[in-house]
file start16.cif (mmCIF, C-alpha atoms and all ligand atoms)
data_upload
#
loop_
_atom_site.label_atom_id
_atom_site.label_comp_id
_atom_site.auth_asym_id
_atom_site.auth_seq_id
_atom_site.Cartn_x
_atom_site.Cartn_y
_atom_site.Cartn_z
CA MET A 1 97.44 126.02 134.28
CA ASP A 2 95.31 122.94 133.80
CA LYS A 3 97.16 120.01 132.37
CA VAL A 4 96.00 118.01 129.37
CA ARG A 5 95.13 114.46 130.31
CA LEU A 6 96.51 111.80 127.97
CA ASP A 7 95.27 108.92 130.11
CA GLY A 8 94.63 108.19 133.77
CA GLU A 9 98.35 108.28 134.55
CA LEU A 10 99.93 110.86 132.26
CA SER A 11 99.06 114.51 131.73
CA LEU A 12 101.10 117.15 129.92
CA ALA A 13 101.29 120.91 130.22
CA PRO A 14 99.02 122.63 127.70
CA VAL A 15 102.14 124.01 126.01
CA THR A 16 105.19 121.78 125.56
CA ILE A 17 108.69 123.24 125.28
CA GLY A 18 110.42 121.89 122.18
CA MET A 19 114.14 121.33 122.68
CA MET A 20 115.28 120.77 119.09
CA ASN A 21 117.05 124.13 118.88
CA LEU A 22 118.43 124.12 122.44
CA LEU A 23 122.06 124.33 121.32
CA GLU A 24 121.28 127.55 119.43
CA TRP A 25 119.67 129.34 122.38
CA GLY A 26 122.98 130.63 123.68
CA VAL A 27 122.33 129.44 127.26
CA ASP A 28 124.63 127.59 129.62
CA LYS A 29 123.43 124.89 131.99
CA LYS A 30 122.84 127.32 134.86
CA ASN A 31 120.82 129.68 132.62
CA LEU A 32 118.76 126.73 131.46
CA LEU A 33 118.21 125.61 135.04
CA SER A 34 116.85 129.00 136.09
CA ARG A 35 114.72 129.10 132.93
CA LEU A 36 113.33 125.69 133.86
CA HIS A 37 112.40 127.00 137.31
CA GLU A 38 110.57 129.97 135.76
CA TYR A 39 108.70 127.66 133.40
CA LEU A 40 107.83 125.31 136.25
CA GLU A 41 106.29 128.19 138.20
CA MET A 42 104.12 128.93 135.17
CA GLY A 43 103.04 125.28 134.94
CA LEU A 44 105.18 124.54 131.88
CA THR A 45 106.43 121.12 132.87
CA SER A 46 106.71 119.22 129.57
CA TYR A 47 109.87 119.02 127.41
CA ASP A 48 110.11 117.53 123.94
CA PHE A 49 113.29 115.90 122.58
CA ALA A 50 114.39 113.37 119.98
CA ASP A 51 117.55 111.33 119.93
CA ILE A 52 118.60 113.11 116.72
CA TYR A 53 118.29 116.67 118.05
CA GLY A 54 121.77 118.14 117.97
CA GLY A 55 123.05 114.61 117.27
CA GLY A 56 122.07 113.65 120.85
CA GLN A 57 123.62 116.78 122.36
CA CYS A 58 120.26 118.39 123.22
CA GLU A 59 119.38 115.43 125.47
CA GLN A 60 122.91 115.43 126.87
CA PHE A 61 122.80 119.17 127.67
CA PHE A 62 119.44 118.85 129.43
CA GLY A 63 120.68 115.76 131.26
CA ASP A 64 123.79 117.64 132.46
CA MET A 65 121.50 120.42 133.69
CA LEU A 66 119.28 117.91 135.53
CA ARG A 67 122.37 116.48 137.21
CA LEU A 68 122.82 119.92 138.85
CA GLU A 69 119.43 119.48 140.57
CA PRO A 70 118.26 115.85 140.36
CA SER A 71 115.05 116.50 142.33
CA LEU A 72 113.70 118.30 139.27
CA ARG A 73 113.32 115.04 137.39
CA ASP A 74 109.97 114.13 138.91
CA LYS A 75 108.59 117.65 138.43
CA VAL A 76 108.80 117.52 134.64
CA GLU A 77 107.51 115.29 131.87
CA ILE A 78 110.24 114.24 129.46
CA ILE A 79 109.19 113.29 125.95
CA THR A 80 111.63 111.88 123.45
CA LYS A 81 111.55 110.06 120.14
CA GLY A 82 113.44 107.43 118.21
CA GLY A 83 113.36 105.77 114.82
CA ILE A 84 115.16 108.23 112.55
CA VAL A 85 118.67 107.30 111.45
CA TYR A 86 121.20 109.01 109.23
CA ASP A 87 122.83 106.75 106.66
CA ARG A 88 126.24 108.04 105.79
CA LEU A 89 128.43 105.09 104.91
CA ARG A 90 127.24 103.86 101.55
CA ARG A 91 127.50 107.23 99.78
CA PRO A 92 130.51 108.98 101.26
CA TYR A 93 129.47 112.57 100.51
CA PHE A 94 125.84 112.35 101.55
CA VAL A 95 124.04 112.01 104.81
CA SER A 96 120.52 110.86 104.19
CA GLU A 97 117.61 110.32 106.54
CA SER A 98 115.93 106.94 106.77
CA TYR A 99 113.84 105.16 109.39
CA ASN A 100 114.59 102.11 111.46
CA LEU A 101 111.78 100.74 113.60
CA SER A 102 113.37 97.37 114.28
CA LYS A 103 113.17 96.13 117.86
CA LYS A 104 116.94 96.30 118.19
CA HIS A 105 117.15 99.89 117.00
CA LEU A 106 114.20 101.22 119.02
CA VAL A 107 115.39 99.61 122.24
CA SER A 108 118.97 100.79 121.86
CA ALA A 109 117.88 104.29 120.73
CA CYS A 110 115.67 104.66 123.79
CA GLU A 111 118.34 103.35 126.15
CA ALA A 112 120.87 105.78 124.65
CA SER A 113 118.41 108.65 125.20
CA LEU A 114 117.96 107.65 128.85
CA LYS A 115 121.70 107.60 129.31
CA ARG A 116 122.21 111.04 127.79
CA LEU A 117 119.30 112.48 129.77
CA GLY A 118 120.62 110.80 132.91
CA VAL A 119 117.17 109.48 133.85
CA ASP A 120 115.73 106.03 134.53
CA TYR A 121 112.59 106.58 132.47
CA VAL A 122 110.92 108.92 130.03
CA ASP A 123 107.29 109.85 130.43
CA LEU A 124 106.37 109.60 126.78
CA TYR A 125 108.26 107.91 123.94
CA LEU A 126 107.21 108.73 120.39
CA ILE A 127 107.89 106.61 117.32
CA HIS A 128 109.35 109.48 115.31
CA ARG A 129 108.23 108.62 111.79
CA PRO A 130 106.46 105.73 110.06
CA CYS A 131 108.74 103.39 108.13
CA PRO A 132 107.58 101.51 105.01
CA LEU A 133 109.79 98.60 106.10
CA MET A 134 108.43 98.47 109.63
CA ASP A 135 107.54 95.09 111.07
CA PRO A 136 104.71 95.97 113.48
CA CYS A 137 105.48 92.88 115.62
CA GLU A 138 108.97 94.20 116.27
CA VAL A 139 107.72 97.67 117.17
CA ALA A 140 105.25 96.07 119.58
CA GLU A 141 107.96 93.90 121.13
CA ALA A 142 110.24 96.90 121.60
CA MET A 143 107.45 98.87 123.26
CA GLU A 144 106.51 96.00 125.55
CA LYS A 145 110.12 95.48 126.60
CA LEU A 146 110.76 99.17 127.29
CA GLN A 147 107.55 99.55 129.26
CA LYS A 148 108.05 96.33 131.22
CA GLU A 149 111.56 97.42 132.20
CA GLY A 150 110.18 100.75 133.43
CA LYS A 151 112.12 102.76 130.85
CA VAL A 152 109.07 104.27 129.17
CA ARG A 153 105.81 105.19 130.89
CA LYS A 154 103.64 105.79 127.82
CA PHE A 155 103.90 105.72 124.04
CA GLY A 156 102.80 107.94 121.21
CA LEU A 157 103.45 108.50 117.53
CA SER A 158 104.78 111.28 115.40
CA ASN A 159 104.04 112.04 111.74
CA PHE A 160 101.72 109.02 111.45
CA LEU A 161 98.70 109.01 109.14
CA PRO A 162 95.53 107.32 110.43
CA GLU A 163 96.06 104.14 108.41
CA GLN A 164 99.66 103.85 109.62
CA THR A 165 98.50 104.22 113.22
CA ALA A 166 95.82 101.59 112.70
CA ALA A 167 98.32 99.15 111.17
CA LEU A 168 100.66 99.48 114.15
CA GLU A 169 98.05 99.32 116.87
CA ALA A 170 96.68 96.06 115.49
CA TYR A 171 99.83 94.42 116.91
CA THR A 172 99.95 95.79 120.45
CA GLU A 173 97.75 96.26 123.47
CA ILE A 174 99.74 99.33 124.48
CA PRO A 175 97.78 102.43 123.49
CA PHE A 176 99.24 105.36 121.56
CA LEU A 177 98.26 108.45 123.52
CA THR A 178 99.07 111.16 121.01
CA ASN A 179 100.35 111.90 117.53
CA GLN A 180 102.86 114.73 117.14
CA VAL A 181 102.43 116.34 113.73
CA GLN A 182 103.24 119.56 111.96
CA MET A 183 100.31 121.95 112.42
CA SER A 184 100.21 125.66 111.84
CA VAL A 185 98.88 128.42 109.64
CA LYS A 186 101.90 127.50 107.43
CA CYS A 187 101.14 123.76 107.37
CA MET A 188 97.53 122.70 107.25
CA ASP A 189 97.94 119.20 105.79
CA PHE A 190 96.44 117.75 108.96
CA LEU A 191 93.08 119.16 107.85
CA ALA A 192 93.11 117.14 104.64
CA ASP A 193 94.79 113.85 105.51
CA GLY A 194 92.39 112.63 108.20
CA THR A 195 94.75 113.38 111.10
CA GLN A 196 92.34 115.60 112.99
CA GLU A 197 89.39 113.23 112.52
CA ASP A 198 91.49 110.28 113.66
CA ALA A 199 92.48 112.10 116.84
CA LEU A 200 88.86 113.12 117.48
CA LYS A 201 87.75 109.52 117.02
CA ARG A 202 90.35 108.36 119.53
CA LYS A 203 89.60 111.32 121.87
CA MET A 204 93.32 112.01 121.99
CA PRO A 205 95.16 115.33 121.84
CA LEU A 206 97.45 116.18 118.95
CA MET A 207 100.86 117.67 119.67
CA ALA A 208 101.45 120.46 117.12
CA TYR A 209 105.08 120.86 116.16
CA SER A 210 106.35 124.00 114.41
CA PRO A 211 103.19 125.82 115.59
CA VAL A 212 104.40 129.19 114.25
CA GLY A 213 105.89 127.59 111.15
CA GLY A 214 109.46 127.86 112.40
CA GLY A 215 109.17 131.67 112.35
CA ALA A 216 108.66 131.63 108.56
CA LEU A 217 106.21 134.55 108.56
CA HIS A 218 108.80 136.79 110.22
CA ARG A 219 111.40 136.49 107.48
CA ALA A 220 112.30 139.45 105.30
CA ASP A 221 111.77 137.67 101.96
CA LEU A 222 108.10 136.67 102.21
CA SER A 223 106.23 135.25 99.23
CA ARG A 224 103.16 137.14 98.00
CA LYS A 225 100.90 134.59 99.65
CA ASP A 226 102.74 134.93 102.97
CA VAL A 227 102.45 138.73 102.80
CA GLU A 228 98.68 138.31 102.36
CA THR A 229 98.55 135.81 105.22
CA VAL A 230 100.42 138.19 107.51
CA GLY A 231 97.98 140.94 106.52
CA VAL A 232 94.98 138.85 107.59
CA LEU A 233 96.71 137.75 110.80
CA GLN A 234 97.42 141.40 111.65
CA GLU A 235 93.79 142.39 111.09
CA ILE A 236 92.63 139.63 113.41
CA GLN A 237 95.35 140.52 115.93
CA GLU A 238 93.77 144.00 116.15
CA GLU A 239 90.25 142.61 116.36
CA ILE A 240 91.00 140.32 119.29
CA GLY A 241 93.60 142.56 120.99
CA ALA A 242 96.44 140.02 120.72
CA GLN A 243 100.05 141.09 121.17
CA CYS A 244 101.38 139.75 117.87
CA ILE A 245 100.55 137.54 114.92
CA ASP A 246 102.13 134.53 116.65
CA GLU A 247 99.36 134.69 119.25
CA VAL A 248 96.81 134.66 116.43
CA MET A 249 98.54 131.61 114.93
CA TYR A 250 98.27 129.79 118.27
CA ALA A 251 94.64 130.90 118.64
CA TRP A 252 93.95 129.46 115.18
CA LEU A 253 95.17 126.06 116.43
CA TYR A 254 93.28 126.29 119.74
CA ARG A 255 90.03 126.94 117.84
CA LEU A 256 90.14 123.44 116.33
CA PRO A 257 87.77 120.85 117.80
CA VAL A 258 90.67 118.53 118.61
CA THR A 259 92.75 119.32 121.71
CA VAL A 260 96.05 120.80 120.55
CA ILE A 261 99.24 120.91 122.60
CA PRO A 262 101.65 123.22 120.77
CA VAL A 263 105.30 122.20 120.88
CA THR A 264 107.09 125.54 120.77
CA GLY A 265 110.57 125.93 119.34
CA SER A 266 111.65 129.33 120.57
CA GLY A 267 114.51 129.87 122.97
CA LYS A 268 112.91 133.11 124.16
CA LYS A 269 110.59 133.13 127.14
CA GLU A 270 108.44 135.97 125.76
CA ARG A 271 107.75 133.92 122.63
CA ILE A 272 106.79 130.86 124.69
CA LEU A 273 104.38 133.14 126.54
CA HIS A 274 102.58 133.88 123.27
CA ALA A 275 101.49 130.23 123.21
CA VAL A 276 100.25 130.53 126.79
CA ASN A 277 98.52 133.93 126.36
CA ALA A 278 96.74 132.83 123.21
CA ARG A 279 94.73 130.34 125.23
CA GLN A 280 92.46 133.21 126.28
CA TYR A 281 91.31 134.02 122.73
CA LYS A 282 88.53 132.26 120.93
CA LEU A 283 88.51 133.12 117.23
CA THR A 284 85.11 133.42 115.63
CA ARG A 285 84.29 130.94 112.91
CA GLU A 286 84.65 133.80 110.39
CA GLN A 287 88.11 134.79 111.69
CA TRP A 288 89.24 131.16 111.59
CA TYR A 289 88.02 130.81 108.01
CA ASP A 290 89.61 134.12 106.93
CA ILE A 291 92.97 132.59 107.85
CA LEU A 292 92.20 129.27 106.18
CA ARG A 293 91.05 131.04 103.01
CA VAL A 294 94.25 133.05 102.63
CA ALA A 295 96.72 130.38 103.80
CA ARG A 296 95.17 127.35 102.11
CA PRO A 297 92.74 128.66 99.49
CA GLU A 298 92.31 125.25 97.87
CA HIS A 299 90.60 124.04 101.04
CA VAL A 300 87.42 126.03 100.44
CA SER A 301 85.12 126.13 97.44
CA LYS A 302 85.84 128.99 95.07
CA LYS A 303 82.16 129.73 94.58
CA TYR A 304 80.99 133.23 95.42
CA HIS A 305 77.35 134.01 95.90
CA ASP A 306 75.46 137.24 95.39
CA ILE A 307 73.71 138.32 98.52
N1 LIG A 401 108.03 115.32 115.60
C1 LIG A 401 108.73 115.88 114.64
O1 LIG A 401 108.96 115.31 113.56
C2 LIG A 401 109.23 117.29 114.86
C3 LIG A 401 109.79 118.03 113.79
C4 LIG A 401 110.24 119.33 114.04
C5 LIG A 401 110.11 119.88 115.32
N2 LIG A 401 109.60 119.12 116.35
C6 LIG A 401 109.46 119.67 117.72
O2 LIG A 401 108.76 120.89 117.64
C7 LIG A 401 109.50 121.93 118.28
C8 LIG A 401 109.21 123.23 117.65
O3 LIG A 401 109.59 123.25 116.27
P1 LIG A 401 109.94 124.65 115.57
O4 LIG A 401 111.22 125.16 116.12
O5 LIG A 401 109.83 124.46 114.12
O6 LIG A 401 108.69 125.53 116.14
P2 LIG A 401 108.16 127.00 116.01
O7 LIG A 401 107.78 127.42 117.40
O8 LIG A 401 107.13 127.06 114.94
O9 LIG A 401 109.40 127.86 115.51
C9 LIG A 401 110.42 128.28 116.37
C10 LIG A 401 111.41 129.07 115.57
O10 LIG A 401 110.77 130.25 115.08
C11 LIG A 401 111.47 131.39 115.51
N3 LIG A 401 110.50 132.43 115.83
C12 LIG A 401 109.36 132.28 116.55
N4 LIG A 401 108.73 133.48 116.66
C13 LIG A 401 109.50 134.35 116.00
C14 LIG A 401 109.39 135.75 115.75
N5 LIG A 401 108.36 136.45 116.24
N6 LIG A 401 110.35 136.35 115.02
C15 LIG A 401 111.40 135.64 114.55
N7 LIG A 401 111.57 134.31 114.76
C16 LIG A 401 110.61 133.70 115.47
C17 LIG A 401 112.24 130.94 116.75
O11 LIG A 401 113.38 131.75 116.94
P3 LIG A 401 113.83 132.18 118.45
O12 LIG A 401 114.38 130.95 119.11
O13 LIG A 401 114.84 133.24 118.17
O14 LIG A 401 112.61 132.71 119.14
C18 LIG A 401 112.58 129.52 116.40
O15 LIG A 401 113.74 129.47 115.56
C19 LIG A 401 110.95 121.46 118.19
O16 LIG A 401 111.77 122.03 119.19
C20 LIG A 401 110.79 119.96 118.39
O17 LIG A 401 110.70 119.69 119.77
C21 LIG A 401 109.14 117.86 116.12
#

call {"tool": "encode", "arguments": {"input": "start16.cif", "output": "structure tokens", "more": "lines below"}}
Ligand SMILES: NC(=O)c1ccc[n+]([C@@H]2O[C@H](COP(=O)([O-])OP(=O)(O)OC[C@H]3O[C@@H](n4cnc5c(N)ncnc54)[C@H](OP(=O)(O)O)[C@@H]3O)[C@@H](O)[C@H]2O)c1
result
Amino acid sequence: MDKVRLDGELSLAPVTIGMMNLLEWGVDKKNLLSRLHEYLEMGLTSYDFADIYGGGQCEQFFGDMLRLEPSLRDKVEIITKGGIVYDRLRRPYFVSESYNLSKKHLVSACEASLKRLGVDYVDLYLIHRPCPLMDPCEVAEAMEKLQKEGKVRKFGLSNFLPEQTAALEAYTEIPFLTNQVQMSVKCMDFLADGTQEDALKRKMPLMAYSPVGGGALHRADLSRKDVETVGVLQEIQEEIGAQCIDEVMYAWLYRLPVTVIPVTGSGKKERILHAVNARQYKLTREQWYDILRVARPEHVSKKYHDI
């Protein structure tokens, strides 16, 4: 499988394995190790973490697995993120998310990730979310320090809007190589907020998290709109000969002009394969729009014309 080039020094697999739900997969370290070998044979070399996944335990689990076979480190690309914190002290019964992009926090968060993962460096470090209180000079200083010390090879962003990216990059020479955002038939905000155009302008790939909407279209209690969406996906599944509607959802993302690297969340190999198989399908413009029309009707004009 051809890799996706982020710059002259870093490429990722065309499908990245998301590790947020790792602790729910019901695997032990040896199972995970053999899974990793199977994925490696298929060219799936990229793994996506964040310091907050499983409260750090997802990184720790993967790190413990890597310690069983340290030579695997250089065969994979490890992506992780920092910047989200959980405030729990000021209101005793609540845990609430906030963001901390201070130099001190970013550096210590990254170093803690390295320790849990048991590695000297990560290939890609993403600033997890924009923070209204961010001092761009501090973010830049943290990035420069981490890169200079060899702890991070390359940087990217996650959940950043174009203006937020522009504000940050005005303070550093280090390029942001990707933006990881929610993209799927269930979440099409990226079409309306300038995210796709910004990535096209920068000639950078987008990493699509929750590419099958977290499995939302497979639940028993679907809304009327979701039932209609599933109906259209099933029709297109038949038309293109796909195995399931998830493959159609991936094909919908691959049809975009921007390069999309889906970040899958499933713990099941066969479901990861849907993301890989779907690369062979090219939806027609009409099929792509049929999905848009049913999933995000407000995105197209309501005018009908007699023909
Ligand atoms: N940057 C960010 O802010 C951010 C935010 C969220 C996530 N992420 C990254 O994106 C990755 C993927 O996120 P996600 O888990 O939401 O992605 P997803 O691939 O859209 O959803 C995966 C979930 O859907 C379920 N699922 C998939 N196909 C299914 C089917 N046919 N029937 C029933 N259930 C099905 C999976 O269950 P099974 O495991 O049983 O297959 C799993 O729980 C995460 O691991 C993380 O790395 C990043």

call {"tool": "axis_aligned_box", "arguments": {"input": "start16.cif", "around": "ligand LIG 401 (chain A)", "padding_each_side": "4 Å", "output": "JSON"}}
result
{"center_x": 111.0, "center_y": 125.9, "center_z": 116.7, "size_x": 15.7, "size_y": 29.1, "size_z": 14.2}

call {"tool": "residues_around", "arguments": {"input": "start16.cif", "residues": "Leu161 of chain A", "least_positions_apart": "2", "cutoff": "12 Å", "atoms": "only C-alpha atoms", "output": "PyMOL selection string"}}
result
chain A and resi 129-131+157-159+163-168+179-182+189-199

call {"tool": "residues_around", "arguments": {"input": "start16.cif", "residues": "Glu149 of chain A", "least_positions_apart": "5", "cutoff": "12 Å", "atoms": "all atoms listed in the file", "output": "PyMOL selection string"}}
result
chain A and resi 107+110-111+120-122+142-144

call {"tool": "residues_near_point", "arguments": {"input": "start16.cif", "point": "(93.1, 140.4, 112.4)", "cutoff": "12 Å", "atoms": "all atoms listed in the file", "output": "PDB file with C-alpha atoms, in the frame of the given file"}}
result
ATOM      1  CA  GLU A 228      98.680 138.310 102.360  1.00  0.00           C
ATOM      2  CA  THR A 229      98.550 135.810 105.220  1.00  0.00           C
ATOM      3  CA  VAL A 230     100.420 138.190 107.510  1.00  0.00           C
ATOM      4  CA  GLY A 231      97.980 140.940 106.520  1.00  0.00           C
ATOM      5  CA  VAL A 232      94.980 138.850 107.590  1.00  0.00           C
ATOM      6  CA  LEU A 233      96.710 137.750 110.800  1.00  0.00           C
ATOM      7  CA  GLN A 234      97.420 141.400 111.650  1.00  0.00           C
ATOM      8  CA  GLU A 235      93.790 142.390 111.090  1.00  0.00           C
ATOM      9  CA  ILE A 236      92.630 139.630 113.410  1.00  0.00           C
ATOM     10  CA  GLN A 237      95.350 140.520 115.930  1.00  0.00           C
ATOM     11  CA  GLU A 238      93.770 144.000 116.150  1.00  0.00           C
ATOM     12  CA  GLU A 239      90.250 142.610 116.360  1.00  0.00           C
ATOM     13  CA  ILE A 240      91.000 140.320 119.290  1.00  0.00           C
ATOM     14  CA  GLY A 241      93.600 142.560 120.990  1.00  0.00           C
ATOM     15  CA  ALA A 242      96.440 140.020 120.720  1.00  0.00           C
ATOM     16  CA  GLN A 243     100.050 141.090 121.170  1.00  0.00           C
ATOM     17  CA  CYS A 244     101.380 139.750 117.870  1.00  0.00           C
ATOM     18  CA  ILE A 245     100.550 137.540 114.920  1.00  0.00           C
ATOM     19  CA  ASP A 246     102.130 134.530 116.650  1.00  0.00           C
ATOM     20  CA  GLU A 247      99.360 134.690 119.250  1.00  0.00           C
ATOM     21  CA  VAL A 248      96.810 134.660 116.430  1.00  0.00           C
ATOM     22  CA  MET A 249      98.540 131.610 114.930  1.00  0.00           C
ATOM     23  CA  ALA A 251      94.640 130.900 118.640  1.00  0.00           C
ATOM     24  CA  TRP A 252      93.950 129.460 115.180  1.00  0.00           C
ATOM     25  CA  LEU A 283      88.510 133.120 117.230  1.00  0.00           C
ATOM     26  CA  THR A 284      85.110 133.420 115.630  1.00  0.00           C
ATOM     27  CA  GLU A 286      84.650 133.800 110.390  1.00  0.00           C
ATOM     28  CA  GLN A 287      88.110 134.790 111.690  1.00  0.00           C
ATOM     29  CA  TRP A 288      89.240 131.160 111.590  1.00  0.00           C
ATOM     30  CA  TYR A 289      88.020 130.810 108.010  1.00  0.00           C
ATOM     31  CA  ASP A 290      89.610 134.120 106.930  1.00  0.00           C
ATOM     32  CA  ILE A 291      92.970 132.590 107.850  1.00  0.00           C
TER      33      ILE A 291
END

call {"tool": "residues_around", "arguments": {"input": "start16.cif", "residues": "segment 70-87 of chain A", "least_positions_apart": "3", "cutoff": "7 Å", "atoms": "all atoms listed in the file", "output": "PDB file with C-alpha atoms, in the frame of the given file"}}
result
ATOM      1  CA  LEU A  12     101.100 117.150 129.920  1.00  0.00           C
ATOM      2  CA  THR A  45     106.430 121.120 132.870  1.00  0.00           C
ATOM      3  CA  SER A  46     106.710 119.220 129.570  1.00  0.00           C
ATOM      4  CA  TYR A  47     109.870 119.020 127.410  1.00  0.00           C
ATOM      5  CA  ASP A  48     110.110 117.530 123.940  1.00  0.00           C
ATOM      6  CA  PHE A  49     113.290 115.900 122.580  1.00  0.00           C
ATOM      7  CA  ALA A  50     114.390 113.370 119.980  1.00  0.00           C
ATOM      8  CA  ASP A  51     117.550 111.330 119.930  1.00  0.00           C
ATOM      9  CA  LEU A  66     119.280 117.910 135.530  1.00  0.00           C
ATOM     10  CA  ARG A  67     122.370 116.480 137.210  1.00  0.00           C
ATOM     11  CA  VAL A  95     124.040 112.010 104.810  1.00  0.00           C
ATOM     12  CA  SER A  96     120.520 110.860 104.190  1.00  0.00           C
ATOM     13  CA  GLU A  97     117.610 110.320 106.540  1.00  0.00           C
ATOM     14  CA  SER A  98     115.930 106.940 106.770  1.00  0.00           C
ATOM     15  CA  TYR A  99     113.840 105.160 109.390  1.00  0.00           C
ATOM     16  CA  ASN A 100     114.590 102.110 111.460  1.00  0.00           C
ATOM     17  CA  LEU A 101     111.780 100.740 113.600  1.00  0.00           C
ATOM     18  CA  LEU A 106     114.200 101.220 119.020  1.00  0.00           C
ATOM     19  CA  ALA A 109     117.880 104.290 120.730  1.00  0.00           C
ATOM     20  CA  CYS A 110     115.670 104.660 123.790  1.00  0.00           C
ATOM     21  CA  VAL A 122     110.920 108.920 130.030  1.00  0.00           C
ATOM     22  CA  ASP A 123     107.290 109.850 130.430  1.00  0.00           C
ATOM     23  CA  LEU A 124     106.370 109.600 126.780  1.00  0.00           C
ATOM     24  CA  TYR A 125     108.260 107.910 123.940  1.00  0.00           C
ATOM     25  CA  LEU A 126     107.210 108.730 120.390  1.00  0.00           C
ATOM     26  CA  ILE A 127     107.890 106.610 117.320  1.00  0.00           C
ATOM     27  CA  HIS A 128     109.350 109.480 115.310  1.00  0.00           C
ATOM     28  CA  ARG A 129     108.230 108.620 111.790  1.00  0.00           C
TER      29      ARG A 129
END

call {"tool": "closest_residue", "arguments": {"input": "start16.cif", "among": "A:Lys154, A:Lys201, A:Lys186, A:Lys3", "to": "Gly214 of chain A", "atoms": "all atoms listed in the file"}}
result
A:Lys186

call {"tool": "closest_residue", "arguments": {"input": "start16.cif", "among": "A:Trp25, A:Glu138, A:Pro297, A:Arg88", "to": "His105 of chain A", "atoms": "all atoms listed in the file"}}
result
A:Glu138

call {"tool": "residues_around", "arguments": {"input": "start16.cif", "residues": "Pro175 of chain A", "least_positions_apart": "5", "cutoff": "10 Å", "atoms": "only C-alpha atoms", "output": "ChimeraX atom specification"}}
result
/A:7,154-156,169

call {"tool": "build_atoms", "arguments": {"input": "start16.cif", "residues": "segment 176-180 of chain A", "atoms": "all heavy atoms", "output": "short mmCIF file (atom, residue, chain, number, x, y, z; two decimals), in the frame of the given file"}}
result
data_model
loop_
_atom_site.label_atom_id
_atom_site.label_comp_id
_atom_site.auth_asym_id
_atom_site.auth_seq_id
_atom_site.Cartn_x
_atom_site.Cartn_y
_atom_site.Cartn_z
N PHE A 176 98.50 104.16 121.96
CA PHE A 176 99.24 105.36 121.56
C PHE A 176 98.43 106.56 122.03
O PHE A 176 97.27 106.71 121.65
CB PHE A 176 99.43 105.37 120.04
CG PHE A 176 100.28 104.23 119.56
CD1 PHE A 176 99.71 103.17 118.87
CD2 PHE A 176 101.64 104.21 119.81
CE1 PHE A 176 100.49 102.10 118.43
CE2 PHE A 176 102.43 103.15 119.38
CZ PHE A 176 101.85 102.09 118.70
N LEU A 177 99.04 107.40 122.85
CA LEU A 177 98.26 108.45 123.52
C LEU A 177 98.22 109.77 122.77
O LEU A 177 97.44 110.65 123.12
CB LEU A 177 98.81 108.68 124.94
CG LEU A 177 98.80 107.46 125.86
CD1 LEU A 177 99.20 107.87 127.27
CD2 LEU A 177 97.42 106.79 125.88
N THR A 178 99.09 109.93 121.79
CA THR A 178 99.07 111.16 121.01
C THR A 178 99.78 110.93 119.68
O THR A 178 100.47 109.92 119.50
CB THR A 178 99.73 112.33 121.78
OG1 THR A 178 99.57 113.55 121.04
CG2 THR A 178 101.22 112.11 122.00
N ASN A 179 99.61 111.87 118.78
CA ASN A 179 100.35 111.90 117.53
C ASN A 179 100.93 113.31 117.44
O ASN A 179 100.20 114.29 117.59
CB ASN A 179 99.39 111.61 116.37
CG ASN A 179 100.10 111.35 115.04
OD1 ASN A 179 101.32 111.18 115.00
ND2 ASN A 179 99.35 111.31 113.96
N GLN A 180 102.24 113.40 117.25
CA GLN A 180 102.86 114.73 117.14
C GLN A 180 103.07 115.02 115.65
O GLN A 180 103.81 114.29 114.98
CB GLN A 180 104.19 114.77 117.89
CG GLN A 180 104.77 116.16 117.94
CD GLN A 180 106.10 116.26 118.70
OE1 GLN A 180 107.12 116.59 118.13
NE2 GLN A 180 106.07 115.97 119.98
#
